[in-house]
2 protein chains.
Amino acid sequence: MSALRRGLLAPQSLAIVGASDDPSKTTGRPLAYLRKAGWAGRIYPVNPRRETVQGERAWPSVAALPEVPDHALILTPTEIVHQSVADCAAAGVAVASVLATGFAEAGPSGLSRQAELVKIAQAGGLRLLGPSSLGYADPRHGLILTANAAFAEPGPTDGRIFAASHSGSLIGALASRGAAKGLGFAGLVSVGTEADVSLGEICLAALEDPGIETFILFLESLRHAGDLRRFALAADQAGKPVVAYKLGRSPQAAEMAQSHTGALAGENVVADAFFHACGIIRVETLEGLLEAPALARRLLSVPPRRARPTVGLVGTTGGGQAMVVDQLGVRGIEVRAPEPETWGRLAAAQVEAVPGRVVDLTLAGARYEVMKAALDVMTTAPEFDLVVAVAGSSARHHPELAVKPAADSANGAGAPLAMFITVEAPEALSLLARAGVPAFRTPESCADAIAAVLRRRPPKAWDGVESPPAGDGLFLDEAAAYGRLAVLGFPVAPYEALAAGAAPSGRLAYPVAVKALSADLPHKTEAGALVLGVTDTAGVREALATLTANVAQARPDVAVDRYLVQSMVGGLGEVLVGFRRDPDAGPIVMLAPGGVLAELSGERSLRLAPVSFEEAREMIDELPSMKALAGYRNRPGGDLDQRAQAIAVLSTLAADPTILEAEVNPLIVRRAGEGVVAVDALVRVRGVAA
Amino acid sequence: MSALRRGLLAPQSLAIVGASDDPSKTTGRPLAYLRKAGWAGRIYPVNPRRETVQGERAWPSVAALPEVPDHALILTPTEIVHQSVADCAAAGVAVASVLATGFAEAGPSGLSRQAELVKIAQAGGLRLLGPSSLGYADPRHGLILTANAAFAEPGPTDGRIFAASHSGSLIGALASRGAAKGLGFAGLVSVGTEADVSLGEICLAALEDPGIETFILFLESLRHAGDLRRFALAADQAGKPVVAYKLGRSPQAAEMAQSHTGALAGENVVADAFFHACGIIRVETLEGLLEAPALARRLLSVPPRRARPTVGLVGTTGGGQAMVVDQLGVRGIEVRAPEPETWGRLAAAQVEAVPGRVVDLTLAGARYEVMKAALDVMTTAPEFDLVVAVAGSSARHHPELAVKPAADSANGAGAPLAMFITVEAPEALSLLARAGVPAFRTPESCADAIAAVLRRRPPKAWDGVESPPAGDGLFLDEAAAYGRLAVLGFPVAPYEALAAGAAPSGRLAYPVAVKALSADLPHKTEAGALVLGVTDTAGVREALATLTANVAQARPDVAVDRYLVQSMVGGLGEVLVGFRRDPDAGPIVMLAPGGVLAELSGERSLRLAPVSFEEAREMIDELPSMKALAGYRNRPGGDLDQRAQAIAVLSTLAADPTILEAEVNPLIVRRAGEGVVAVDALVRVRGVAA
């Protein structure tokens, strides 16, 4: 058993430092909750100002305890928490959690307070959960080590979900919402600011527990992304799905997460790329976070047979089914109509249904034998990778009619089965939860969870190396940048780099672009440092004079002593291909359309490097504007393979730690078979220019 | 009292035709439900095969009843329902509802069955609800006139919401989900296929009931859009908000709605434009449909003071508040930070909060006096048009701490207050519902409802004239189309229309475009019927020869005996402005970007005609690609006013019933002050070409 598991997830003894006598107070709740839930371990309330706490013997200090507790829950106020941590460390406690706030989330002074706290703990060999942690709860064992008020009633004791949250409040939200659906938890942890122990580390320790089947994460940022990725890869190996809800889809929330936790939230699309690379299923709805795990588990044991998985629908309410079809459609998942053979089998099984895209049994189908027969046919129809059943009003007072058949079909031979219920029907949801059937409360969360789970891919292999802090680095000049690209075999339009006094060799095809060549001019257009469409040698001379004058005006600090002449290459369109190192997620490759309009659209596709050829094709498929380069109407199609190849090649820069950033913009896309070619490039390297 | 209200919404006597003795059967439920709910009116079960039904006297026919019932609920099977309707009509019943299916939703044979049914009813002066109607329920009066199984327990009897649904199942979903939130209904109606009585007519009749405060609609299509619009305008006059959830956001669901109900679903964006013109609030989530009405009511009585309303957030959970900020941000609603004065007032009121975009009271703020003081300050801060409070875990077992303060602030002097609760907390939701505080169960439905309500505008004035069926109509040639536009004062690039043998006058500035002029060539590019960039008279002759040859090849049926020469006008960009008559929604004006890329993006903004100058400005603001014409970076800005003017002018075509469709594509946008100009136009007119 790992130290973290022993010290946090499965302790045998606990000190509650700063326990209050009043069970309704925040600092009184953990003891009251532990006793109410009947935890079997040994509890030592520590309170130097009282003989007893809530009727139990209180100890004056951690040092005075008859044993070194496995865990210390530190509830003391911010002002004295350093002393409490020092006491625990001195007593040889291995893991402590800290409730107090006023650290990383409270600005620079809080950050330095936090650094000091961690220093004290580390000096004493103590691992810290928090600060700002609302603690931990394992309802299975009555280990309610939290002040979260929702745990006054800890919920089902047979749970198999482990929840980890950046927000302490949310563990209460997840536990109570789960209970209302009949879903229980094997553990819920509030990780606070992760000053020491990270969310990923805790989840990795929880992976040791065979009673845990799935993980759900509520994230405000990607801090400690390396730990998270290590955990995700191990979870994948163990066959345990990980589902995440992450804040920061809007810029406002990203900014707020930063102020709330002291961590940079990063860009939403970077988080998407990171989760994708980790095999973490990202949902967009809070309910979906609770509902997706059961579905993910089912689809892991019976994986889709198709690259674009198919969904079949059957139900007793046309309106309810239409809502699911609509919401799936909005998320790009198509509901497939049954094949004629399936309709035939339904008819043979005495199932009457309105023909169409879904199997609508109507009100008349709200009978056990009808729904059961329909589900037996649908789940064994080879055309479906997932079957969604929809139950209507009968589910509320008569779950035995249309819901029990789904529960009874939970582990059938065929495709996985999930169910959406249109009415408020807690009993029916619990019935399904007990049977292990993924059940959905709203059409939105149903479609959200299905789309997220079906889009999940196994994690990318990872060498475990985290990006070191990037620093500012230095730009290379354009010729040097091309040099770096050429090493990779990246196609570049023919060019010559020349001293200001030299004339072009004459080997380049005209027209050409003439550009100032300087590492100090990464943004040439803004400085007037390039002239396009130059048609002869005299033009080159003239262009050089023009741009030299422009630069003298715009950037008097830069001398144009070298220049670059490059053949202009026409094509069907332009794209941007970029590489950079995200401080959280690591090396990132980006594809975006070229041009101003496209920049305004904000369209882009990101992946963690390295990117395979197949992944690069997926990236191209993700961007609507790329359709214009795919032979739209009667226009010729652009070179798709070479575009994908260029993305994959650029992503190999990740292996060179000296490269911080690279951007080819534009990359000219020519007709299929003619390839692609860079006509500008920017490369930023660590330390000094090569 | 209208006949429809008396005959459906407030009957005193009922016949239940085809009532079953078995209360668990679909045809047995209405009688059982009515008795259980204690409805005070007179009920006549009609069943020729039985002496009694569920212990009550059964009547052999409607004709045999001792009085003409106000309403007949017809539960007989599809095969004999025509006879039942004929019997009711013969007996002088004013309104009947029909449960049987197999009509408009069952294809052509069903449609003709339906037409016959309506004919029988109309001949006898009988109005029909349905067929395929699951009936009506008014839980206030125990009038549970439905077979929907969710009404075995009809819910709160003090409801003030009226629900109308195309889906019969959904009335059960809405009633039960509402009850779980403490929301009751004054009426719920399943309108079936609306063969006779439409949803809009019923809602209009329900407007007579002073006990109804808000309306919610579950729609599969926009059929009977005129009735719906009449109702929406009357509801606006009465100050009663209307909230709608409409299927058909995805093409699949649109297709399904069509097959399910026999009605064309139409385009999603047309529905948006229609709702906007009607002042109907369209939500995107099912929960939002239930949660938005209370918010809409509050914001109707205390309307926002700003064109872009501001939202302030306060709560006891940072994570919960961040979810709301995030979801609002995704929907374009920004949460505003309190002004320094407000922070000062909070501090003066002893409210401790973490400074930032929201007022985070943290766990420590889950106390009545803290939350109450914070809400008093926030709702009276002049910078907010709406205040959203967020409660966390304490709300589950202790709503008196952080939820009751909101209930007690429901009708304060200041800005409207709404609340999102992160935990499962049915008691807290009911407490808020009773107090009239809009309460939200998920961050997604919270943001959905807020965004939808804040975007609501008062309905457009309407003359009540519905578009007649459009028919195919005929295209005008380009010169005739310009003629129609010129009458409106729409700017067109200088042109001359010439016979094939004639030469241009020489008054047009070169370069010009040369185009074949024929009503039979609405799509000139495809037929090779235009040549661009012609620089002189000789070139015009040559171009005419070229395009004549092209047309001879592509469209041998069309003779090019006239042509059009038009000065080419350069500009900053192109847009498309269009007008057409939607069979459901009426006259529609569209703005879209020009060019292929933009077409691929699917970007467009629609409004019902007529469109004011201000509305046209809003349309331009809605399209991201229009930013490129707004002076992006150092580029000059396009003429915004003239673009808006052009949209408004084109929309006046709606007043000319002979015009079926008009499209200006492209409309060249020039620099600010230089105007806009049409360089191609297509007009389709009713009947014969003018």
# chains A, B, ... in the order shown; residues from 1 in each chain; ligands from 1
>>> residues_around(residues="region 301-305 of chain B", least_positions_apart="4", cutoff="10 Å", atoms="only C-alpha atoms", output="ChimeraX atom specification")
/B:239,296-297,309-311,382-386,413-416,454
>>> write_last_selection(atoms="C-alpha atoms", output="PDB file, in the first residue's frame")
ATOM      1  CA  GLY B 239     -47.581  40.768 -19.522  1.00  0.00           C
ATOM      2  CA  ALA B 296     -38.903  35.921 -17.226  1.00  0.00           C
ATOM      3  CA  ARG B 297     -41.704  37.065 -14.939  1.00  0.00           C
ATOM      4  CA  PRO B 309     -27.933  43.716 -19.211  1.00  0.00           C
ATOM      5  CA  THR B 310     -25.402  43.085 -16.448  1.00  0.00           C
ATOM      6  CA  VAL B 311     -25.276  40.119 -14.104  1.00  0.00           C
ATOM      7  CA  PRO B 382     -27.030  50.051  -9.418  1.00  0.00           C
ATOM      8  CA  GLU B 383     -24.515  48.196 -11.611  1.00  0.00           C
ATOM      9  CA  PHE B 384     -26.564  44.983 -11.784  1.00  0.00           C
ATOM     10  CA  ASP B 385     -29.689  44.186 -13.785  1.00  0.00           C
ATOM     11  CA  LEU B 386     -29.825  40.677 -12.350  1.00  0.00           C
ATOM     12  CA  ALA B 413     -36.788  46.828  -4.161  1.00  0.00           C
ATOM     13  CA  GLY B 414     -33.780  46.228  -6.345  1.00  0.00           C
ATOM     14  CA  ALA B 415     -32.662  44.025  -9.198  1.00  0.00           C
ATOM     15  CA  PRO B 416     -34.293  40.613  -9.697  1.00  0.00           C
ATOM     16  CA  LEU B 454     -32.072  38.570 -21.365  1.00  0.00           C
TER      17      LEU B 454
END
>>> interface_residues(of="chain A", to="chain B", cutoff="6 Å", atoms="only C-alpha atoms", output="list in words")
Ala149, Ala150, Ser167, Ser169, Gly172, Ala173, Ser176, Arg177, Ser250, Ala253, Thr317, Gly319, Ala322, Val325, Asp326, Gly329, Val330, Ser393, Ser394, Thr422, Val423 and Glu424 of chain A
>>> write_last_selection(atoms="N, CA, C and O atoms", output="PDB file, in the first residue's frame")
ATOM      1  N   ALA A 149     -20.872  20.218   4.355  1.00  0.00           N
ATOM      2  CA  ALA A 149     -22.159  20.012   5.013  1.00  0.00           C
ATOM      3  C   ALA A 149     -23.032  18.962   4.332  1.00  0.00           C
ATOM      4  O   ALA A 149     -23.950  18.420   4.943  1.00  0.00           O
ATOM      5  N   ALA A 150     -22.763  18.671   3.080  1.00  0.00           N
ATOM      6  CA  ALA A 150     -23.585  17.683   2.386  1.00  0.00           C
ATOM      7  C   ALA A 150     -23.365  16.277   2.946  1.00  0.00           C
ATOM      8  O   ALA A 150     -24.162  15.375   2.701  1.00  0.00           O
ATOM      9  N   SER A 167     -12.510  22.013  -6.429  1.00  0.00           N
ATOM     10  CA  SER A 167     -13.450  22.770  -5.598  1.00  0.00           C
ATOM     11  C   SER A 167     -13.930  21.894  -4.449  1.00  0.00           C
ATOM     12  O   SER A 167     -14.423  20.786  -4.667  1.00  0.00           O
ATOM     13  N   SER A 169     -16.448  22.528  -2.409  1.00  0.00           N
ATOM     14  CA  SER A 169     -17.905  22.494  -2.392  1.00  0.00           C
ATOM     15  C   SER A 169     -18.435  21.380  -3.287  1.00  0.00           C
ATOM     16  O   SER A 169     -19.412  20.720  -2.984  1.00  0.00           O
ATOM     17  N   GLY A 172     -19.532  17.808  -2.270  1.00  0.00           N
ATOM     18  CA  GLY A 172     -20.890  17.696  -1.727  1.00  0.00           C
ATOM     19  C   GLY A 172     -21.927  17.646  -2.831  1.00  0.00           C
ATOM     20  O   GLY A 172     -22.894  16.886  -2.772  1.00  0.00           O
ATOM     21  N   ALA A 173     -21.711  18.462  -3.864  1.00  0.00           N
ATOM     22  CA  ALA A 173     -22.644  18.473  -4.991  1.00  0.00           C
ATOM     23  C   ALA A 173     -22.658  17.118  -5.690  1.00  0.00           C
ATOM     24  O   ALA A 173     -23.715  16.571  -5.997  1.00  0.00           O
ATOM     25  N   SER A 176     -24.298  14.315  -3.383  1.00  0.00           N
ATOM     26  CA  SER A 176     -25.749  14.391  -3.224  1.00  0.00           C
ATOM     27  C   SER A 176     -26.475  14.161  -4.540  1.00  0.00           C
ATOM     28  O   SER A 176     -27.505  13.487  -4.591  1.00  0.00           O
ATOM     29  N   ARG A 177     -25.928  14.693  -5.624  1.00  0.00           N
ATOM     30  CA  ARG A 177     -26.551  14.449  -6.934  1.00  0.00           C
ATOM     31  C   ARG A 177     -26.432  12.987  -7.323  1.00  0.00           C
ATOM     32  O   ARG A 177     -27.333  12.416  -7.941  1.00  0.00           O
ATOM     33  N   SER A 250     -15.125  29.631 -21.049  1.00  0.00           N
ATOM     34  CA  SER A 250     -15.205  31.057 -21.372  1.00  0.00           C
ATOM     35  C   SER A 250     -13.994  31.768 -20.777  1.00  0.00           C
ATOM     36  O   SER A 250     -13.476  31.354 -19.745  1.00  0.00           O
ATOM     37  N   ALA A 253     -14.277  32.724 -17.048  1.00  0.00           N
ATOM     38  CA  ALA A 253     -14.115  31.669 -16.063  1.00  0.00           C
ATOM     39  C   ALA A 253     -12.646  31.290 -15.934  1.00  0.00           C
ATOM     40  O   ALA A 253     -12.172  30.955 -14.850  1.00  0.00           O
ATOM     41  N   THR A 317     -41.691   6.979 -26.048  1.00  0.00           N
ATOM     42  CA  THR A 317     -42.122   8.367 -26.255  1.00  0.00           C
ATOM     43  C   THR A 317     -41.381   8.993 -27.423  1.00  0.00           C
ATOM     44  O   THR A 317     -40.147   9.146 -27.389  1.00  0.00           O
ATOM     45  N   GLY A 319     -41.527  12.042 -28.484  1.00  0.00           N
ATOM     46  CA  GLY A 319     -40.961  13.338 -28.106  1.00  0.00           C
ATOM     47  C   GLY A 319     -39.654  13.172 -27.356  1.00  0.00           C
ATOM     48  O   GLY A 319     -38.680  13.884 -27.599  1.00  0.00           O
ATOM     49  N   ALA A 322     -37.009  12.073 -29.767  1.00  0.00           N
ATOM     50  CA  ALA A 322     -36.617  13.174 -30.658  1.00  0.00           C
ATOM     51  C   ALA A 322     -35.654  14.122 -29.951  1.00  0.00           C
ATOM     52  O   ALA A 322     -34.714  14.640 -30.563  1.00  0.00           O
ATOM     53  N   VAL A 325     -32.254  12.436 -30.149  1.00  0.00           N
ATOM     54  CA  VAL A 325     -31.748  12.512 -31.525  1.00  0.00           C
ATOM     55  C   VAL A 325     -31.217  13.921 -31.802  1.00  0.00           C
ATOM     56  O   VAL A 325     -30.131  14.101 -32.355  1.00  0.00           O
ATOM     57  N   ASP A 326     -31.992  14.922 -31.377  1.00  0.00           N
ATOM     58  CA  ASP A 326     -31.632  16.319 -31.622  1.00  0.00           C
ATOM     59  C   ASP A 326     -30.322  16.670 -30.927  1.00  0.00           C
ATOM     60  O   ASP A 326     -29.395  17.226 -31.539  1.00  0.00           O
ATOM     61  N   GLY A 329     -27.449  14.906 -32.468  1.00  0.00           N
ATOM     62  CA  GLY A 329     -27.159  15.497 -33.774  1.00  0.00           C
ATOM     63  C   GLY A 329     -26.361  16.788 -33.639  1.00  0.00           C
ATOM     64  O   GLY A 329     -25.409  17.023 -34.392  1.00  0.00           O
ATOM     65  N   VAL A 330     -26.735  17.608 -32.680  1.00  0.00           N
ATOM     66  CA  VAL A 330     -26.023  18.861 -32.440  1.00  0.00           C
ATOM     67  C   VAL A 330     -24.554  18.571 -32.122  1.00  0.00           C
ATOM     68  O   VAL A 330     -23.668  19.344 -32.465  1.00  0.00           O
ATOM     69  N   SER A 393     -43.619   8.666 -19.330  1.00  0.00           N
ATOM     70  CA  SER A 393     -44.345   8.906 -18.085  1.00  0.00           C
ATOM     71  C   SER A 393     -44.513   7.675 -17.207  1.00  0.00           C
ATOM     72  O   SER A 393     -44.535   7.780 -15.979  1.00  0.00           O
ATOM     73  N   SER A 394     -44.643   6.495 -17.802  1.00  0.00           N
ATOM     74  CA  SER A 394     -44.854   5.289 -16.995  1.00  0.00           C
ATOM     75  C   SER A 394     -43.701   5.053 -16.030  1.00  0.00           C
ATOM     76  O   SER A 394     -43.871   4.418 -14.984  1.00  0.00           O
ATOM     77  N   THR A 422     -37.689  10.571 -19.432  1.00  0.00           N
ATOM     78  CA  THR A 422     -38.181  11.942 -19.618  1.00  0.00           C
ATOM     79  C   THR A 422     -38.769  12.533 -18.342  1.00  0.00           C
ATOM     80  O   THR A 422     -38.709  13.735 -18.144  1.00  0.00           O
ATOM     81  N   VAL A 423     -39.369  11.693 -17.508  1.00  0.00           N
ATOM     82  CA  VAL A 423     -40.016  12.202 -16.294  1.00  0.00           C
ATOM     83  C   VAL A 423     -39.055  12.223 -15.119  1.00  0.00           C
ATOM     84  O   VAL A 423     -37.981  11.635 -15.163  1.00  0.00           O
ATOM     85  N   GLU A 424     -39.466  12.900 -14.054  1.00  0.00           N
ATOM     86  CA  GLU A 424     -38.753  12.835 -12.790  1.00  0.00           C
ATOM     87  C   GLU A 424     -39.039  11.445 -12.222  1.00  0.00           C
ATOM     88  O   GLU A 424     -40.177  11.105 -11.917  1.00  0.00           O
TER      89      GLU A 424
END
>>> atom_distance(atom1="CA of Leu650 (chain B)", atom2="CA of Ala307 (chain B)")
26.1 Å
>>> residues_around(residues="Val62 (chain B)", least_positions_apart="5", cutoff="7 Å", atoms="only C-alpha atoms", output="VMD selection string")
chain B and resid 46 87 to 88 91
>>> write_last_selection(atoms="N, CA and C atoms", output="compact mmCIF listing (two decimals), in the first residue's frame")
# COMPACT_ATOMS: atom_id res chain seq x y z
N VAL B 46 -68.92 6.66 -21.30
CA VAL B 46 -69.73 6.11 -22.40
C VAL B 46 -69.08 4.81 -22.85
N ASP B 87 -70.78 10.94 -33.68
CA ASP B 87 -71.78 10.87 -32.61
C ASP B 87 -71.75 12.14 -31.75
N CYS B 88 -70.54 12.55 -31.38
CA CYS B 88 -70.39 13.75 -30.55
C CYS B 88 -70.94 14.97 -31.29
N ALA B 91 -74.60 14.99 -31.36
CA ALA B 91 -75.20 15.30 -30.05
C ALA B 91 -75.05 16.78 -29.69
>>> closest_residue(among="A:Ala104, A:Ala516, A:Ile620, A:Val93", to="Asp639 (chain A)", atoms="only C-alpha atoms")
A:Ile620
>>> residues_around(residues="Arg455 (chain A)", least_positions_apart="5", cutoff="10 Å", atoms="only C-alpha atoms", output="PyMOL selection string")
chain A and resi 276+279+281-282+307-309+333+449-450
>>> select_by_dssp(residues="region 51-250 of chain A", states="helix (DSSP H, G or I)", output="number ranges by chain")
A: 78-91, 104-123, 149-152, 168-180, 199-206, 225-237
>>> residues_around(residues="region 31-34 of chain B", least_positions_apart="2", cutoff="8 Å", atoms="only C-alpha atoms", output="ChimeraX atom specification")
/B:16,19,23,28-29,36-39,45,54,142-145,151-152
>>> write_last_selection(atoms="N, CA and C atoms", output="compact mmCIF listing (two decimals), in the first residue's frame")
# COMPACT_ATOMS: atom_id res chain seq x y z
N ILE B 16 -66.71 10.56 -21.33
CA ILE B 16 -65.48 9.82 -21.63
C ILE B 16 -65.87 8.65 -22.51
N ALA B 19 -64.49 4.64 -22.32
CA ALA B 19 -63.86 4.48 -21.00
C ALA B 19 -63.79 3.00 -20.64
N PRO B 23 -58.82 0.45 -14.52
CA PRO B 23 -58.19 1.77 -14.32
C PRO B 23 -56.71 1.81 -14.68
N GLY B 28 -58.65 3.50 -19.31
CA GLY B 28 -59.28 3.52 -18.00
C GLY B 28 -58.76 4.64 -17.11
N ARG B 29 -57.57 5.13 -17.46
CA ARG B 29 -56.90 6.09 -16.57
C ARG B 29 -57.64 7.41 -16.36
N LYS B 36 -59.69 10.33 -8.53
CA LYS B 36 -58.66 10.43 -7.50
C LYS B 36 -58.38 11.90 -7.18
N ALA B 37 -58.37 12.73 -8.22
CA ALA B 37 -58.06 14.14 -8.02
C ALA B 37 -59.27 14.93 -7.53
N GLY B 38 -60.44 14.28 -7.52
CA GLY B 38 -61.61 14.92 -6.94
C GLY B 38 -62.20 16.05 -7.78
N TRP B 39 -62.21 15.88 -9.10
CA TRP B 39 -62.79 16.93 -9.95
C TRP B 39 -64.28 17.10 -9.61
N PRO B 45 -69.21 8.33 -18.23
CA PRO B 45 -68.49 7.30 -18.99
C PRO B 45 -69.42 6.75 -20.07
N GLN B 54 -65.73 1.05 -13.90
CA GLN B 54 -65.06 1.37 -12.62
C GLN B 54 -66.09 1.71 -11.53
N GLY B 142 -58.37 19.52 -10.28
CA GLY B 142 -58.51 18.06 -10.36
C GLY B 142 -59.04 17.60 -11.71
N LEU B 143 -58.93 18.48 -12.71
CA LEU B 143 -59.43 18.12 -14.05
C LEU B 143 -58.32 17.37 -14.80
N ILE B 144 -58.19 16.07 -14.48
CA ILE B 144 -57.09 15.29 -15.06
C ILE B 144 -57.65 14.49 -16.23
N LEU B 145 -57.76 15.18 -17.34
CA LEU B 145 -58.43 14.65 -18.52
C LEU B 145 -57.40 14.02 -19.47
N PHE B 151 -49.73 11.37 -14.43
CA PHE B 151 -50.76 12.11 -13.69
C PHE B 151 -51.49 11.25 -12.66
N ALA B 152 -50.96 10.04 -12.42
CA ALA B 152 -51.48 9.24 -11.32
C ALA B 152 -51.37 10.07 -10.03
>>> atom_distance(atom1="CA of His224 (chain A)", atom2="CA of Leu204 (chain A)")
13.1 Å
>>> residues_around(residues="Ser605 (chain A)", least_positions_apart="3", cutoff="7 Å", atoms="only C-alpha atoms", output="PyMOL selection string")
chain A and resi 590-592+619+622-623
>>> write_last_selection(atoms="N, CA and C atoms", output="CSV table (one decimal), in the first residue's frame")
chain,number,residue,atom,x,y,z
A,590,MET,N,-0.6,22.9,-33.6
A,590,MET,CA,-1.9,23.5,-33.9
A,590,MET,C,-2.0,23.6,-35.5
A,591,LEU,N,-3.2,23.4,-35.9
A,591,LEU,CA,-3.6,23.7,-37.3
A,591,LEU,C,-4.7,24.7,-37.3
A,592,ALA,N,-4.5,25.7,-38.2
A,592,ALA,CA,-5.5,26.8,-38.3
A,592,ALA,C,-5.6,27.2,-39.7
A,619,MET,N,-7.2,16.1,-37.5
A,619,MET,CA,-7.2,17.6,-37.2
A,619,MET,C,-7.7,18.4,-38.4
A,622,GLU,N,-11.4,18.2,-38.6
A,622,GLU,CA,-12.1,19.0,-37.5
A,622,GLU,C,-12.4,20.4,-37.9
A,623,LEU,N,-11.7,21.0,-38.9
A,623,LEU,CA,-11.9,22.4,-39.2
A,623,LEU,C,-12.8,22.6,-40.4
>>> atom_distance(atom1="CA of Glu618 (chain B)", atom2="CA of Leu299 (chain B)")
21.7 Å
>>> residues_around(residues="Glu400 (chain B)", least_positions_apart="2", cutoff="12 Å", atoms="only C-alpha atoms", output="list of chain:residue names")
B:Ala366, B:Arg367, B:Tyr368, B:Glu369, B:Met371, B:Lys372, B:Ala391, B:Ser394, B:Ala395, B:Arg396, B:His397, B:His398, B:Ala402, B:Val403, B:Lys404, B:Pro405, B:Ala406, B:Ala407, B:Asp408, B:Glu427, B:Ala428, B:Leu431, B:Leu432
>>> select_by_dssp(residues="region 289-509 of chain A", states="strand (DSSP E or B)", output="ChimeraX atom specification")
/A:311-315,335,354,359-360,386-391,417-421,439-440,474-475,492,495-499
>>> decode(residues="region 607-616 of chain B", atoms="N, CA, C and O atoms", output="PDB file, in the first residue's frame")
ATOM      1  N   ARG B 607     -34.163  37.522 -39.701  1.00  0.00           N
ATOM      2  CA  ARG B 607     -35.216  38.228 -38.967  1.00  0.00           C
ATOM      3  C   ARG B 607     -36.510  38.147 -39.777  1.00  0.00           C
ATOM      4  O   ARG B 607     -36.459  38.067 -41.000  1.00  0.00           O
ATOM      5  N   LEU B 608     -37.609  38.218 -39.094  1.00  0.00           N
ATOM      6  CA  LEU B 608     -38.863  38.364 -39.810  1.00  0.00           C
ATOM      7  C   LEU B 608     -38.966  39.794 -40.329  1.00  0.00           C
ATOM      8  O   LEU B 608     -38.590  40.742 -39.642  1.00  0.00           O
ATOM      9  N   ALA B 609     -39.465  39.937 -41.555  1.00  0.00           N
ATOM     10  CA  ALA B 609     -39.679  41.270 -42.132  1.00  0.00           C
ATOM     11  C   ALA B 609     -40.948  41.873 -41.530  1.00  0.00           C
ATOM     12  O   ALA B 609     -41.841  41.129 -41.126  1.00  0.00           O
ATOM     13  N   PRO B 610     -41.064  43.199 -41.467  1.00  0.00           N
ATOM     14  CA  PRO B 610     -40.039  44.168 -41.847  1.00  0.00           C
ATOM     15  C   PRO B 610     -38.940  44.292 -40.786  1.00  0.00           C
ATOM     16  O   PRO B 610     -39.177  44.022 -39.617  1.00  0.00           O
ATOM     17  N   VAL B 611     -37.757  44.715 -41.246  1.00  0.00           N
ATOM     18  CA  VAL B 611     -36.604  44.854 -40.366  1.00  0.00           C
ATOM     19  C   VAL B 611     -36.259  46.339 -40.259  1.00  0.00           C
ATOM     20  O   VAL B 611     -36.110  47.009 -41.277  1.00  0.00           O
ATOM     21  N   SER B 612     -36.157  46.828 -39.047  1.00  0.00           N
ATOM     22  CA  SER B 612     -35.795  48.231 -38.854  1.00  0.00           C
ATOM     23  C   SER B 612     -34.288  48.406 -39.028  1.00  0.00           C
ATOM     24  O   SER B 612     -33.532  47.430 -39.024  1.00  0.00           O
ATOM     25  N   PHE B 613     -33.873  49.639 -39.154  1.00  0.00           N
ATOM     26  CA  PHE B 613     -32.448  49.942 -39.270  1.00  0.00           C
ATOM     27  C   PHE B 613     -31.693  49.395 -38.051  1.00  0.00           C
ATOM     28  O   PHE B 613     -30.633  48.779 -38.184  1.00  0.00           O
ATOM     29  N   GLU B 614     -32.266  49.550 -36.860  1.00  0.00           N
ATOM     30  CA  GLU B 614     -31.601  49.086 -35.635  1.00  0.00           C
ATOM     31  C   GLU B 614     -31.478  47.563 -35.633  1.00  0.00           C
ATOM     32  O   GLU B 614     -30.456  47.004 -35.248  1.00  0.00           O
ATOM     33  N   GLU B 615     -32.546  46.913 -36.067  1.00  0.00           N
ATOM     34  CA  GLU B 615     -32.496  45.455 -36.135  1.00  0.00           C
ATOM     35  C   GLU B 615     -31.449  44.984 -37.131  1.00  0.00           C
ATOM     36  O   GLU B 615     -30.763  43.987 -36.910  1.00  0.00           O
ATOM     37  N   ALA B 616     -31.349  45.699 -38.242  1.00  0.00           N
ATOM     38  CA  ALA B 616     -30.359  45.340 -39.254  1.00  0.00           C
ATOM     39  C   ALA B 616     -28.947  45.473 -38.675  1.00  0.00           C
ATOM     40  O   ALA B 616     -28.069  44.636 -38.934  1.00  0.00           O
TER      41      ALA B 616
END
